[in-house]
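Containing compact mmCIF, C-alpha atoms and all ligand atoms: data.txt.
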```txt
# COMPACT_ATOMS: atom_id res chain seq x y z
CA MET W 1 17.31 0.74 -13.22
CA SER W 2 14.23 -1.10 -11.94
CA GLY W 3 10.91 -1.08 -13.71
CA PRO W 4 8.23 1.47 -12.95
CA PRO W 5 6.73 1.30 -9.46
CA VAL W 6 3.26 0.39 -10.73
CA SER W 7 1.70 -0.71 -13.96
CA SER W 8 0.78 2.34 -15.96
CA LYS W 9 -2.66 1.15 -17.06
CA PRO W 10 -4.93 3.97 -18.24
CA GLY W 11 -7.15 5.21 -15.48
CA VAL W 12 -4.99 3.76 -12.67
CA PHE W 13 -4.87 6.10 -9.67
CA LYS W 14 -1.57 7.91 -9.36
CA PRO W 15 -0.30 8.55 -5.83
CA TRP W 16 1.72 11.63 -5.04
CA ILE W 17 5.40 11.33 -4.21
CA VAL W 18 6.46 14.07 -1.81
CA LEU W 19 10.20 14.45 -1.22
CA VAL W 20 10.95 16.30 2.02
CA GLY W 21 14.60 17.37 2.22
CA GLY W 22 16.53 19.60 4.57
CA PHE W 23 19.52 19.52 6.90
CA LEU W 24 19.96 17.05 9.75
CA GLY W 25 17.39 17.74 12.47
CA SER W 26 15.42 20.30 10.46
CA GLY W 27 12.15 18.50 11.19
CA LYS W 28 11.56 16.23 8.18
CA THR W 29 10.35 13.14 10.04
CA THR W 30 8.19 15.16 12.39
CA LEU W 31 6.54 17.00 9.49
CA ILE W 32 5.95 13.81 7.51
CA LEU W 33 4.24 12.17 10.48
CA ALA W 34 2.15 15.31 11.16
CA ALA W 35 1.19 15.49 7.47
CA ALA W 36 0.18 11.82 7.53
CA ARG W 37 -2.13 12.54 10.48
CA GLU W 38 -3.62 15.50 8.61
CA LEU W 39 -4.20 13.35 5.52
CA LYS W 40 -5.86 10.70 7.67
CA ARG W 41 -8.29 13.35 8.92
CA ARG W 42 -9.07 14.03 5.25
CA GLY W 43 -9.73 10.32 4.66
CA LEU W 44 -6.49 9.84 2.70
CA ARG W 45 -3.80 7.19 3.16
CA SER W 46 -0.07 7.85 3.51
CA ALA W 47 3.07 5.77 3.28
CA MET W 48 6.65 6.85 3.85
CA ILE W 49 10.21 5.93 2.98
CA TRP W 50 13.15 6.67 5.25
CA ASN W 51 16.73 6.85 4.07
CA ASP W 52 20.06 6.56 5.80
CA GLN W 53 23.72 5.76 5.24
CA GLY W 54 23.46 3.04 7.89
CA LYS W 55 20.85 0.65 9.31
CA ASP W 56 18.91 0.57 12.62
CA LEU W 57 17.03 3.78 11.97
CA VAL W 58 15.36 5.70 14.78
CA ASP W 59 12.98 7.33 12.26
CA SER W 60 11.70 3.93 11.01
CA ARG W 61 11.15 2.66 14.54
CA TYR W 62 9.40 5.88 15.55
CA ALA W 63 7.11 5.75 12.49
CA ALA W 64 6.26 2.11 13.26
CA GLN W 65 5.44 3.08 16.87
CA SER W 66 3.16 5.76 15.42
CA GLY W 67 1.36 3.06 13.39
CA GLU W 68 2.54 4.19 9.94
CA HIS W 69 3.37 2.07 6.90
CA SER W 70 6.92 2.73 5.91
CA GLY W 71 9.80 1.42 3.87
CA GLU W 72 13.53 2.06 4.07
CA VAL W 73 16.47 2.62 1.82
CA THR W 74 19.59 2.02 3.91
CA GLY W 75 23.33 1.86 3.34
CA GLY W 76 23.42 4.94 1.09
CA CYS W 77 21.46 7.98 0.02
CA PHE W 78 18.51 7.97 -2.41
CA CYS W 79 20.67 9.26 -5.27
CA CYS W 80 23.16 6.40 -4.92
CA ARG W 81 20.35 3.88 -4.37
CA LEU W 82 17.77 5.15 -6.85
CA SER W 83 16.73 1.64 -7.97
CA GLU W 84 16.11 0.70 -4.34
CA LEU W 85 14.02 3.82 -3.85
CA ILE W 86 11.93 2.93 -6.89
CA ASP W 87 11.50 -0.63 -5.59
CA ALA W 88 10.51 0.69 -2.16
CA ILE W 89 7.92 2.98 -3.75
CA GLY W 90 6.58 -0.03 -5.66
CA ASP W 91 6.38 -2.14 -2.47
CA LEU W 92 4.39 0.56 -0.67
CA ARG W 93 1.77 0.52 -3.41
CA ALA W 94 0.46 -2.63 -1.72
CA HIS W 95 -1.07 -0.32 0.92
CA SER W 96 -2.79 1.84 -1.74
CA PRO W 97 -1.40 5.13 -0.45
CA ASP W 98 -2.66 8.43 -1.79
CA VAL W 99 0.63 10.06 -0.80
CA ILE W 100 4.10 8.54 -0.44
CA PHE W 101 6.49 10.73 1.54
CA ALA W 102 10.23 10.21 1.09
CA GLU W 103 12.83 11.61 3.48
CA PRO W 104 16.38 11.76 2.11
CA VAL W 105 19.51 11.77 4.27
CA GLY W 106 19.91 15.17 5.94
CA SER W 107 23.39 15.80 4.52
CA CYS W 108 22.23 15.03 0.99
CA THR W 109 21.80 17.51 -1.84
CA ASP W 110 21.52 17.54 -5.65
CA LEU W 111 18.25 15.65 -5.22
CA SER W 112 16.58 17.55 -8.03
CA ALA W 113 18.99 16.18 -10.63
CA THR W 114 19.57 12.73 -9.17
CA VAL W 115 16.16 11.77 -7.75
CA LEU W 116 13.34 14.07 -8.84
CA ARG W 117 14.19 14.34 -12.51
CA PRO W 118 14.77 10.58 -12.92
CA LEU W 119 11.44 10.00 -11.12
CA LEU W 120 9.68 12.35 -13.54
CA GLU W 121 10.09 9.57 -16.11
CA TYR W 122 7.45 7.61 -14.18
CA SER W 123 4.86 10.33 -14.47
CA ASP W 124 2.29 7.96 -15.97
CA SER W 125 2.34 6.07 -12.66
CA TYR W 126 2.35 8.87 -10.09
CA ARG W 127 2.47 12.59 -9.52
CA LEU W 128 5.58 14.34 -8.25
CA SER W 129 5.40 17.17 -5.72
CA PRO W 130 7.87 20.05 -5.58
CA LEU W 131 11.07 19.49 -3.61
CA THR W 132 10.45 20.95 -0.18
CA VAL W 133 13.59 21.82 1.78
CA LEU W 134 13.00 22.30 5.50
CA VAL W 135 15.07 24.78 7.47
CA ASP W 136 15.42 25.09 11.23
CA PRO W 137 15.64 28.88 11.82
CA LEU W 138 18.23 28.50 14.59
CA ARG W 139 20.45 26.37 12.35
CA ALA W 140 19.96 28.83 9.48
CA ARG W 141 21.23 31.71 11.59
CA ALA W 142 24.35 29.73 12.57
CA MET W 143 24.93 28.80 8.92
CA LEU W 144 24.48 32.36 7.71
CA GLU W 145 26.89 33.62 10.33
CA ASP W 146 29.42 30.96 9.25
CA ASP W 147 29.30 29.55 12.76
CA ALA W 148 28.89 26.02 11.52
CA GLY W 149 32.10 25.57 9.54
CA LEU W 150 32.63 25.65 5.78
CA ASP W 151 31.63 22.06 5.07
CA MET W 152 28.26 22.25 6.79
CA CYS W 153 27.57 25.69 5.25
CA PHE W 154 28.30 24.24 1.82
CA LEU W 155 25.75 21.41 2.24
CA PHE W 156 23.18 23.77 3.74
CA GLU W 157 23.52 26.33 0.94
CA LYS W 158 23.31 23.71 -1.80
CA GLN W 159 20.14 22.31 -0.24
CA LEU W 160 18.60 25.78 -0.24
CA GLN W 161 19.64 26.51 -3.81
CA GLU W 162 17.87 23.48 -5.24
CA ALA W 163 14.62 23.83 -3.29
CA ASP W 164 11.37 24.29 -5.19
CA LEU W 165 9.92 25.36 -1.86
CA VAL W 166 11.78 26.42 1.30
CA CYS W 167 9.89 25.85 4.54
CA PHE W 168 11.11 27.21 7.84
CA THR W 169 10.13 24.78 10.58
CA LYS W 170 9.53 24.96 14.35
CA SER W 171 7.54 28.20 14.18
CA ASP W 172 6.22 27.40 17.68
CA LEU W 173 9.80 27.92 18.94
CA TYR W 174 11.05 30.47 16.40
CA PRO W 175 8.39 32.85 15.07
CA ASP W 176 11.04 34.74 13.06
CA TYR W 177 13.37 33.40 10.43
CA PRO W 178 16.31 34.89 8.52
CA GLU W 179 16.26 36.00 4.89
CA VAL W 180 17.72 33.27 2.67
CA GLY W 181 17.01 34.67 -0.77
CA ALA W 182 14.74 31.82 -1.92
CA ALA W 183 11.78 32.51 -4.21
CA HIS W 184 9.15 30.42 -2.41
CA VAL W 185 9.41 30.58 1.37
CA ARG W 186 6.84 29.21 3.81
CA GLN W 187 6.77 28.66 7.56
CA LEU W 188 5.23 25.92 9.64
CA SER W 189 5.28 24.01 12.89
CA ALA W 190 4.73 20.27 12.89
CA LYS W 191 4.28 20.55 16.66
CA SER W 192 1.50 23.15 16.78
CA GLY W 193 0.18 22.22 13.32
CA GLN W 194 0.50 25.81 12.08
CA GLY W 195 1.04 25.81 8.32
CA VAL W 196 1.01 22.01 7.88
CA ALA W 197 -2.37 21.82 6.09
CA ALA W 198 -1.43 24.78 3.88
CA TRP W 199 1.89 23.14 2.99
CA LEU W 200 0.10 19.91 2.08
CA ASP W 201 -2.43 21.80 -0.02
CA GLU W 202 0.40 23.49 -1.87
CA VAL W 203 2.55 20.42 -2.56
CA LEU W 204 -0.48 18.34 -3.57
CA SER W 205 -1.94 21.02 -5.84
CA GLY W 206 0.30 20.44 -8.82
CA ALA W 207 0.67 24.22 -9.10
CA THR W 208 4.36 24.36 -8.16
CA ALA W 209 6.89 22.74 -10.50
CA SER W 210 9.00 19.83 -9.30
CA GLY W 211 12.78 19.88 -9.83
CA SER W 212 12.71 23.41 -11.20
CA GLN W 213 16.03 24.54 -9.74
CA MET W 214 19.23 23.73 -11.52
CA LEU W 215 22.08 23.01 -9.12
CA GLU W 216 25.71 23.41 -10.03
CA ILE W 217 27.76 21.37 -7.67
CA ASP W 218 31.35 20.17 -7.46
CA TYR W 219 31.08 16.54 -6.42
CA SER W 220 34.56 16.44 -4.89
CA GLN W 221 33.65 19.36 -2.63
CA TYR W 222 30.32 17.69 -1.86
CA ALA W 223 32.13 14.45 -0.92
CA ARG W 224 34.60 16.35 1.30
CA ALA W 225 31.79 18.17 3.08
CA GLU W 226 29.86 14.98 3.84
CA ALA W 227 33.07 13.23 4.91
CA ALA W 228 33.50 15.86 7.65
CA LEU W 229 30.56 14.21 9.41
CA ALA W 230 30.73 11.24 11.72
CA TRP W 231 27.78 8.91 11.50
CA LEU W 232 27.02 6.46 14.28
CA ASN W 233 24.10 4.03 14.36
CA LEU W 234 23.74 1.64 17.26
CA ARG W 235 21.34 -1.00 18.52
CA ALA W 236 21.68 -2.18 22.10
CA VAL W 237 19.75 -4.34 24.54
CA PHE W 238 19.69 -3.67 28.27
CA GLU W 239 18.63 -6.21 30.92
CA PRO W 240 19.12 -4.28 34.17
CA GLU W 241 19.24 -6.08 37.50
CA GLY W 242 16.49 -3.90 38.85
CA MET W 243 13.82 -2.75 36.41
CA LEU W 244 14.30 0.45 34.38
CA SER W 245 11.77 2.60 32.55
CA PRO W 246 12.61 3.96 29.07
CA ALA W 247 12.92 7.43 30.63
CA MET W 248 15.36 6.19 33.31
CA LEU W 249 17.60 4.78 30.57
CA LEU W 250 17.29 7.47 27.93
CA GLY W 251 17.52 10.62 30.11
CA PRO W 252 20.96 9.92 31.62
CA LEU W 253 22.32 8.51 28.35
CA LEU W 254 21.50 11.60 26.32
CA ASP W 255 22.79 13.91 29.05
CA ARG W 256 26.07 12.03 29.27
CA LEU W 257 26.58 11.90 25.51
CA ASP W 258 25.85 15.58 25.10
CA ALA W 259 28.27 16.47 27.92
CA ALA W 260 31.03 14.16 26.65
CA LEU W 261 30.77 15.30 23.01
CA SER W 262 30.67 18.94 24.08
CA ALA W 263 33.73 18.45 26.29
CA GLU W 264 35.57 17.12 23.23
CA LYS W 265 34.31 20.09 21.17
CA ILE W 266 32.41 17.86 18.76
CA PRO W 267 29.42 19.71 17.25
CA ILE W 268 26.26 17.61 17.33
CA ALA W 269 24.12 17.89 14.19
CA HIS W 270 21.47 15.42 15.35
CA LEU W 271 21.47 12.98 18.24
CA LYS W 272 18.32 10.89 18.44
CA ALA W 273 17.47 7.72 20.29
CA ILE W 274 14.45 5.56 20.88
CA VAL W 275 13.98 3.02 23.66
CA THR W 276 11.30 0.37 23.37
CA SER W 277 10.16 -1.94 26.14
CA PRO W 278 7.06 -4.08 26.72
CA ALA W 279 5.65 -1.11 28.66
CA GLY W 280 6.01 1.45 25.85
CA TYR W 281 8.52 3.54 23.95
CA LEU W 282 10.31 6.84 24.41
CA LYS W 283 12.17 8.93 21.85
CA ALA W 284 14.51 11.80 22.67
CA ALA W 285 16.55 14.05 20.42
CA ILE W 286 18.77 17.13 20.35
CA VAL W 287 19.92 19.02 17.26
CA GLY W 288 22.79 20.89 18.90
CA ASN W 289 25.11 20.74 21.91
CA GLY W 290 23.63 21.66 25.26
CA GLN W 291 20.02 21.59 24.12
CA GLU W 292 17.20 20.31 26.28
CA PRO W 293 16.17 16.96 24.73
CA VAL W 294 12.80 16.88 22.97
CA ILE W 295 10.92 13.88 24.32
CA GLU W 296 8.16 12.00 22.52
CA GLY W 297 6.30 8.85 23.44
CA ASP W 298 5.38 7.28 26.78
CA LEU W 299 7.20 9.36 29.36
CA ASP W 300 5.34 7.46 32.07
CA ALA W 301 5.99 3.96 30.70
CA SER W 302 6.63 1.70 33.68
CA PRO W 303 9.96 0.00 34.40
CA ALA W 304 10.78 -3.21 32.54
CA GLY W 305 13.45 -5.93 32.74
CA LYS W 306 14.45 -5.70 29.08
CA LEU W 307 14.76 -2.61 26.90
CA GLU W 308 16.01 -2.06 23.38
CA LEU W 309 17.81 1.10 22.31
CA LEU W 310 18.34 2.47 18.81
CA LEU W 311 20.61 5.51 18.65
CA ASN W 312 21.59 7.58 15.61
CA LEU W 313 24.21 10.29 16.03
CA ARG W 314 25.41 12.70 13.36
CA ALA W 315 28.22 15.00 14.43
CA VAL W 316 31.11 16.90 12.93
CA GLY W 317 34.22 14.89 13.70
CA GLN W 318 36.13 11.68 13.22
CA PRO W 319 34.07 8.47 13.41
CA ALA W 320 36.63 6.67 15.62
CA HIS W 321 36.70 9.58 18.07
CA VAL W 322 32.89 9.72 18.26
CA ARG W 323 32.64 5.95 18.58
CA GLY W 324 35.08 5.93 21.48
CA ILE W 325 33.03 8.53 23.35
CA VAL W 326 29.74 6.70 22.77
CA GLU W 327 31.20 3.34 23.83
CA GLN W 328 32.58 4.80 27.01
CA GLU W 329 29.32 6.52 27.98
CA LEU W 330 27.29 3.43 27.15
CA TYR W 331 29.38 1.22 29.41
CA ASN W 332 29.59 3.88 32.13
CA LEU W 333 25.80 3.92 32.30
CA ASP W 334 25.91 0.63 34.21
CA SER W 335 22.37 -0.23 33.15
CA GLY W 336 22.77 -3.92 32.28
CA LEU W 337 23.98 -3.69 28.69
CA THR W 338 23.79 -7.23 27.24
CA GLN W 339 24.03 -6.67 23.47
CA CYS W 340 25.46 -3.89 21.37
CA ALA W 341 25.97 -3.51 17.62
CA MET W 342 27.54 -0.23 16.58
CA ASP W 343 28.42 1.12 13.17
CA SER W 344 30.41 4.33 12.82
CA PHE W 345 31.73 5.86 9.63
CA SER W 346 31.84 8.98 7.50
CA PRO W 347 29.47 9.05 4.54
CA ALA W 348 31.13 7.68 1.40
CA ALA W 349 31.54 9.96 -1.62
CA PRO W 350 28.16 10.27 -3.36
CA VAL W 351 28.00 8.48 -6.72
CA PRO W 352 24.50 8.95 -8.15
CA GLU W 353 23.03 6.12 -10.22
CA ARG W 354 21.71 8.74 -12.60
CA ARG W 355 22.01 12.50 -12.94
CA ILE W 356 19.77 14.56 -15.18
CA PRO W 357 21.07 18.11 -14.75
CA LYS W 358 18.48 19.96 -16.81
CA ALA W 359 14.71 19.74 -16.79
CA GLY W 360 13.12 18.41 -19.97
N1 LIG H 1 9.27 22.60 18.81
C1 LIG H 1 9.32 21.94 17.66
N2 LIG H 1 10.19 20.93 17.53
C2 LIG H 1 10.21 20.26 16.35
C3 LIG H 1 9.35 20.60 15.28
N3 LIG H 1 9.62 19.77 14.26
C4 LIG H 1 10.60 18.95 14.68
N4 LIG H 1 10.97 19.24 15.95
C5 LIG H 1 11.99 18.58 16.75
O1 LIG H 1 13.25 18.71 16.10
C6 LIG H 1 14.00 17.51 16.26
C7 LIG H 1 14.41 17.01 14.89
O2 LIG H 1 13.24 16.65 14.18
P1 LIG H 1 13.23 15.49 13.10
O3 LIG H 1 11.86 15.46 12.52
O4 LIG H 1 13.75 14.22 13.68
O5 LIG H 1 14.29 16.07 12.05
P2 LIG H 1 14.89 15.41 10.71
O6 LIG H 1 16.27 14.98 11.04
O7 LIG H 1 14.87 16.52 9.72
O8 LIG H 1 13.98 14.28 10.32
C8 LIG H 1 13.11 16.52 17.02
O9 LIG H 1 13.48 16.55 18.37
C9 LIG H 1 11.72 17.08 16.84
O10 LIG H 1 10.85 16.78 17.89
C10 LIG H 1 8.43 21.68 15.47
O11 LIG H 1 7.63 22.05 14.61
N5 LIG H 1 8.47 22.31 16.68
MG MG H 2 14.49 12.23 10.09
```
Could you write out this file's structure as structure tokens?
Ligand SMILES: Nc1nc2c(ncn2[C@@H]2O[C@H](COP(=O)(O)OP(=O)(O)O)[C@@H](O)[C@H]2O)c(=O)[nH]1
Ligand SMILES: [Mg+2]
Amino acid sequence: MSGPPVSSKPGVFKPWIVLVGGFLGSGKTTLILAAARELKRRGLRSAMIWNDQGKDLVDSRYAAQSGEHSGEVTGGCFCCRLSELIDAIGDLRAHSPDVIFAEPVGSCTDLSATVLRPLLEYSDSYRLSPLTVLVDPLRARAMLEDDAGLDMCFLFEKQLQEADLVCFTKSDLYPDYPEVGAAHVRQLSAKSGQGVAAWLDEVLSGATASGSQMLEIDYSQYARAEAALAWLNLRAVFEPEGMLSPAMLLGPLLDRLDAALSAEKIPIAHLKAIVTSPAGYLKAAIVGNGQEPVIEGDLDASPAGKLELLLNLRAVGQPAHVRGIVEQELYNLDSGLTQCAMDSFSPAAPVPERRIPKAG
């Protein structure tokens, strides 16, 4: 285990660490970036740490495009890379943040025992917020109706069970949400801003305990559930003969991938991609098959001769099957693909560095 993230001299300011969990596509990154903007308005500084099983993260690139300081823990989840998380927190102290947000992998659970409680040992160096678990109301309804398959329902339910605070997201789209039996339930929209300031006030108040929920979990079942997912991270460079704008590249690609995965009956958990060019960037994402992509960035960025694509896909299926579909659609695009590095796998069985099952 690494040393504490900062020296624990008396009187040294202690930043907050805010862990924002929740299923794939629930809105973690969007909320963290909205919260950072809100904190900026209050004259406070934020930093953030992204986490993924692979590298080439859309979330990191998007945060950088939004001008935020961020770090990464890649190649495994926070619980299996706790020392790296602690090092990343330490590195971000160079920017003197008041709040450090950390977004775990969206299929991850048991964070209370494997991340929060070990971090509580550093309480002379920082303050720990309650574990917020974000829930997309549409996803919650599918999970509650067992429409999502046993493995995904298992992960989703475990995430809910260990939450100090459950927050339904996307209230601009879904004003209602289903009953999930959690003690502390809130609602917000990172898009409209509704509830974001109140959520921040609550998690930075110190009034709600951190890591209060004890999770009982069978790690072999947890490993099986995560292994049902296919993970695909890719980085590609396009140098089209004519010029292309980010929108001209990203629109058709997402449409094709959605159609091809749907035709093969592969449920999409989260498909997100970001294209950067000298003229600007564009991000697009869907969190289910057949959805209209949510677009962020410079929709009007002008055409360019060289564009870089990062794409992260999480779907329920076999990695080789998903990879084959993505490769085919990428080449069929005929948009001047000159470089491509693709990694596809199922998450490895979680093996936490530490696990402290009970508070205290
Ligand atoms: N309408 C709406 N869309 C949202 C909101 N929050 C997130 N999204 C969209 O949901 C998708 C997944 O969000 P993201 O933050 O990447 O989810 P994560 O996987 O939990 O980090 C993205 O397309 C977001 O733009 C919200 O409050 N309202
Ligand atoms: Mg994210």
Using only C-alpha atoms and all ligand atoms, what are the residues with an atom within 8 Å of ligand LIG 1 (chain H), set out as a ChimeraX atom specification? /W:21-32,59,103,106,134,169-173,188-193,270,272,284-287,293-296
Find the residues around Val322 in chain W up to 10 Å (all atoms listed in the file counted), leave out those fewer than 4 positions away in its own chain, and share them as a PyMOL selection string. chain W and resi 230-232+257+260-261+264+266+313-318+326-327+344-345
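Distances from W:Val185, W:Val237, W:Leu155, W:Ala273 to ligand MG 2 (chain H) were compared using only C-alpha atoms and all ligand atoms, and the smallest one belongs to W:Ala273.
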Sphere at (11.6, 20.1, -12.2), radius 8 Å, counting all atoms listed in the file: residues as a ChimeraX atom specification: /W:112,116-117,130,209-213,359
Given only C-alpha atoms and all ligand atoms as the counted atoms, nearest of W:Ala36, W:Leu271, W:Cys153, W:Met342 to ligand MG 2 (chain H):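 The shortest atom-to-atom distance to ligand MG 2 (chain H) comes from W:Leu271.
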From the list W:Val203, W:Arg256, W:Ala269, W:Glu162, the nearest residue to Ala148 in chain W using only C-alpha atoms is W:Ala269
Can you tell me which residues surround Glu226 in chain W at a distance of at most 7 Å, considering only C-alpha atoms, apart from same-chain residues fewer than 3 positions away, and format the answer as a PDB file with C-alpha atoms, in the frame of the given file?
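The result, written out as selection03.pdb:
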```pdb
ATOM      1  CA  SER W 107      23.390  15.800   4.520  1.00  0.00           C
ATOM      2  CA  TYR W 222      30.320  17.690  -1.860  1.00  0.00           C
ATOM      3  CA  ALA W 223      32.130  14.450  -0.920  1.00  0.00           C
ATOM      4  CA  LEU W 229      30.560  14.210   9.410  1.00  0.00           C
ATOM      5  CA  PRO W 347      29.470   9.050   4.540  1.00  0.00           C
TER       6      PRO W 347
END
```
Please enclose the listed atoms of range 348-351 of chain W in an axis-aligned box, pad each side by 5 Å, and write out the centre and the three edge lengths in Å, rounded to one decimal, as JSON.
```
{"center_x": 29.8, "center_y": 9.0, "center_z": -2.7, "size_x": 13.5, "size_y": 12.6, "size_z": 18.1}
```
May I ask which of the residues W:Gly206, W:Pro104, W:Pro278, W:Gly305 is the closest one to ligand MG 2 (chain H), counting all atoms listed in the file?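 That would be W:Pro104, the residue with the smallest distance to ligand MG 2 (chain H).
Ranking W:Val18, W:Leu85, W:Val105, W:Ala348 by their shortest atom-to-atom distance to ligand MG 2 (chain H), with all atoms listed in the file included, puts W:Val105 first.
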What is the CA of Val166 in chain W-CA of Leu120 in chain W distance in Å, reported with one decimal?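 So the two atoms, CA of Val166 in chain W and CA of Leu120 in chain W, lie 20.6 Å apart.
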Measuring between all atoms listed in the file, which one of W:Ala183, W:Cys108, W:Val20, W:Ala47 shows the shortest distance to Ala227 in chain W?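 Smallest distance to Ala227 in chain W is found for W:Cys108.
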Please compute the CA of Met143 in chain W-CA of Thr74 in chain W distance, one decimal, in Å. 27.8 Å
I'd like the interatomic distance between CA of Glu353 in chain W and CA of Lys158 in chain W, to a tenth of an Å.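 For CA of Glu353 in chain W relative to CA of Lys158 in chain W, the distance reads 19.5 Å.
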Fewer than 3 positions away in the same chain doesn't count, so skip those; otherwise give me all residues within 10 Å of Tyr219 in chain W, counting all atoms listed in the file, as a list in words. Asp110, Glu216, Tyr222, Ala223, Arg224, Ala225, Ala349, Pro350 and Val351 of chain W
